[in-house]
Amino acid sequence: MTNTTKKSQSNKIRFITGCGVLAAFATALQYLEIPSPVSFIAFDFSDLPALIGSFAYGPIAGILIELIKNIIHLAVSRSGFIGELSNFILGAVFVGVAGLMYKHNKTKKMALIAGVIGSLCMAVISYPSNLFVVYPFYYNFMPKEAVLQVYQNLFKVNSIEMAILIYNVPFTFVKGLISVVISAFVYKPLSPILHGKTK
């Protein structure tokens, strides 16, 4: 076995192991939800491990971590898989865009820029995702008028479209930014471990 082959196998093992560990952390964080003023929307930090994985191993790794955590979460899902589908779509856009940009310029400045742009893309995609996929499904269990009323208890809004634009989109953007800020502090210390350079 040549040194090149050994290195290739080592990289594959590190990739699989790293993605597995990060996916486990992402799954655990997905269960630690923080309620928001809108009762059926919660905040969690589960995109953070996927973002770190995307920076460490590339955008495919980040998307894979998002997929694994949502497949596992299906076991306790109360959303009929729609919540997990939406979470995967938004998370994949976030870490995919950020990881792809960082892959071509691996600097701390680019990581921050890529994270912000990834957060923005996720926020933009959240509008059609919520409007055409998530909420129509939830209307089977909670009337559209009741959903709107939850928003109206917080601020003046006369349509679901406006509610999603005013609340959900900024919420999603801020959620992404929080992961970006945390990753800025933890990625450098974790990077040697993720790349097998602890010695």
# chains A, B, ... in the order shown; residues from 1 in each chain; ligands from 1
>>> residues_around(residues="Leu22 (chain A)", least_positions_apart="4", cutoff="8 Å", atoms="only C-alpha atoms", output="JSON, numbers by chain")
{"A": [18, 26, 49, 50, 53, 65]}
>>> residues_around(residues="region 114-131 of chain A", least_positions_apart="3", cutoff="6 Å", atoms="only C-alpha atoms", output="mmCIF file with N, CA, C and O atoms, in the first residue's frame")
data_model
loop_
_atom_site.group_PDB
_atom_site.id
_atom_site.type_symbol
_atom_site.label_atom_id
_atom_site.label_comp_id
_atom_site.auth_asym_id
_atom_site.auth_seq_id
_atom_site.Cartn_x
_atom_site.Cartn_y
_atom_site.Cartn_z
ATOM 1 N N LEU A 90 -33.529 24.155 4.636
ATOM 2 C CA LEU A 90 -32.944 25.416 5.088
ATOM 3 C C LEU A 90 -31.504 25.221 5.561
ATOM 4 O O LEU A 90 -30.615 26.010 5.218
ATOM 5 N N VAL A 93 -29.113 24.627 2.608
ATOM 6 C CA VAL A 93 -28.805 25.883 1.906
ATOM 7 C C VAL A 93 -27.771 26.681 2.703
ATOM 8 O O VAL A 93 -26.792 27.180 2.138
ATOM 9 N N PHE A 94 -27.995 26.779 4.001
ATOM 10 C CA PHE A 94 -27.105 27.542 4.885
ATOM 11 C C PHE A 94 -25.676 27.020 4.840
ATOM 12 O O PHE A 94 -24.737 27.743 4.479
ATOM 13 N N VAL A 97 -24.005 26.783 1.058
ATOM 14 C CA VAL A 97 -23.494 28.056 0.533
ATOM 15 C C VAL A 97 -22.249 28.498 1.297
ATOM 16 O O VAL A 97 -21.228 28.858 0.698
ATOM 17 N N ALA A 98 -22.327 28.450 2.629
ATOM 18 C CA ALA A 98 -21.183 28.878 3.453
ATOM 19 C C ALA A 98 -19.955 28.008 3.200
ATOM 20 O O ALA A 98 -18.841 28.513 3.032
ATOM 21 N N MET A 101 -18.343 28.637 -0.331
ATOM 22 C CA MET A 101 -17.566 29.877 -0.391
ATOM 23 C C MET A 101 -16.253 29.740 0.382
ATOM 24 O O MET A 101 -15.196 30.166 -0.106
ATOM 25 N N MET A 110 -13.261 35.223 5.361
ATOM 26 C CA MET A 110 -14.155 34.584 4.409
ATOM 27 C C MET A 110 -15.167 33.684 5.119
ATOM 28 O O MET A 110 -16.321 33.580 4.687
ATOM 29 N N ALA A 111 -14.746 33.042 6.206
ATOM 30 C CA ALA A 111 -15.674 32.194 6.965
ATOM 31 C C ALA A 111 -16.849 33.026 7.473
ATOM 32 O O ALA A 111 -18.010 32.597 7.421
ATOM 33 N N VAL A 134 -44.509 24.087 4.598
ATOM 34 C CA VAL A 134 -44.723 23.829 6.023
ATOM 35 C C VAL A 134 -46.128 24.223 6.488
ATOM 36 O O VAL A 134 -46.861 23.398 7.037
ATOM 37 N N TYR A 135 -46.504 25.458 6.270
ATOM 38 C CA TYR A 135 -47.770 25.930 6.810
ATOM 39 C C TYR A 135 -48.998 25.240 6.194
ATOM 40 O O TYR A 135 -49.940 24.917 6.929
ATOM 41 N N VAL A 169 -38.730 35.116 8.550
ATOM 42 C CA VAL A 169 -37.527 35.373 7.755
ATOM 43 C C VAL A 169 -36.414 35.995 8.606
ATOM 44 O O VAL A 169 -35.287 35.481 8.612
ATOM 45 N N THR A 172 -35.057 33.373 11.078
ATOM 46 C CA THR A 172 -34.171 32.407 10.437
ATOM 47 C C THR A 172 -32.793 33.001 10.177
ATOM 48 O O THR A 172 -31.761 32.344 10.369
ATOM 49 N N PHE A 173 -32.767 34.266 9.758
ATOM 50 C CA PHE A 173 -31.494 34.947 9.494
ATOM 51 C C PHE A 173 -30.669 35.069 10.776
ATOM 52 O O PHE A 173 -29.475 34.754 10.790
ATOM 53 N N GLY A 176 -29.185 31.778 11.916
ATOM 54 C CA GLY A 176 -27.964 31.459 11.189
ATOM 55 C C GLY A 176 -26.779 32.269 11.686
ATOM 56 O O GLY A 176 -25.679 31.736 11.867
ATOM 57 N N VAL A 180 -22.983 31.299 13.146
ATOM 58 C CA VAL A 180 -21.767 31.841 12.536
ATOM 59 C C VAL A 180 -20.867 32.453 13.607
ATOM 60 O O VAL A 180 -19.651 32.223 13.617
#
>>> residues_around(residues="Val38 (chain A)", least_positions_apart="3", cutoff="7 Å", atoms="only C-alpha atoms", output="list of chain:residue names")
A:Ile41, A:Val150, A:Tyr151
>>> write_last_selection(atoms="N, CA and C atoms", output="mmCIF file, in the first residue's frame")
data_model
loop_
_atom_site.group_PDB
_atom_site.id
_atom_site.type_symbol
_atom_site.label_atom_id
_atom_site.label_comp_id
_atom_site.auth_asym_id
_atom_site.auth_seq_id
_atom_site.Cartn_x
_atom_site.Cartn_y
_atom_site.Cartn_z
ATOM 1 N N ILE A 41 -42.823 27.946 16.820
ATOM 2 C CA ILE A 41 -41.490 28.164 16.253
ATOM 3 C C ILE A 41 -40.485 28.164 17.403
ATOM 4 N N VAL A 150 -52.070 33.780 16.307
ATOM 5 C CA VAL A 150 -50.870 33.703 17.149
ATOM 6 C C VAL A 150 -49.940 34.875 16.840
ATOM 7 N N TYR A 151 -49.773 35.165 15.555
ATOM 8 C CA TYR A 151 -48.947 36.299 15.156
ATOM 9 C C TYR A 151 -49.595 37.624 15.558
#
>>> closest_residue(among="A:Lys108, A:Arg14, A:Thr27, A:Asn158", to="Ala75 (chain A)", atoms="only C-alpha atoms")
A:Thr27
>>> atom_distance(atom1="CA of Glu84 (chain A)", atom2="CA of Val157 (chain A)")
27.2 Å
>>> closest_residue(among="A:Phe45, A:Phe88, A:Tyr138, A:Phe81", to="Ile63 (chain A)", atoms="only C-alpha atoms")
A:Phe88
>>> residues_around(residues="Ala28 (chain A)", least_positions_apart="5", cutoff="9 Å", atoms="only C-alpha atoms", output="ChimeraX atom specification")
/A:23,46,69
>>> write_last_selection(atoms="C-alpha atoms", output="compact mmCIF listing (two decimals), in the first residue's frame")
# COMPACT_ATOMS: atom_id res chain seq x y z
CA ALA A 23 -24.08 14.65 13.29
CA SER A 46 -28.35 22.13 15.57
CA LYS A 69 -29.72 14.70 12.11
>>> select_by_dssp(residues="region 122-197 of chain A", states="alpha helix (DSSP H)", output="JSON, numbers by chain")
{"A": [122, 123, 124, 125, 126, 127, 128, 129, 135, 136, 137, 138, 144, 145, 146, 147, 148, 149, 150, 151, 152, 160, 161, 162, 163, 169, 170, 171, 172, 173, 174, 175, 176, 177, 178, 179, 180, 181, 182, 183, 184, 185, 186, 187, 188, 189, 190, 191, 192, 193, 194]}
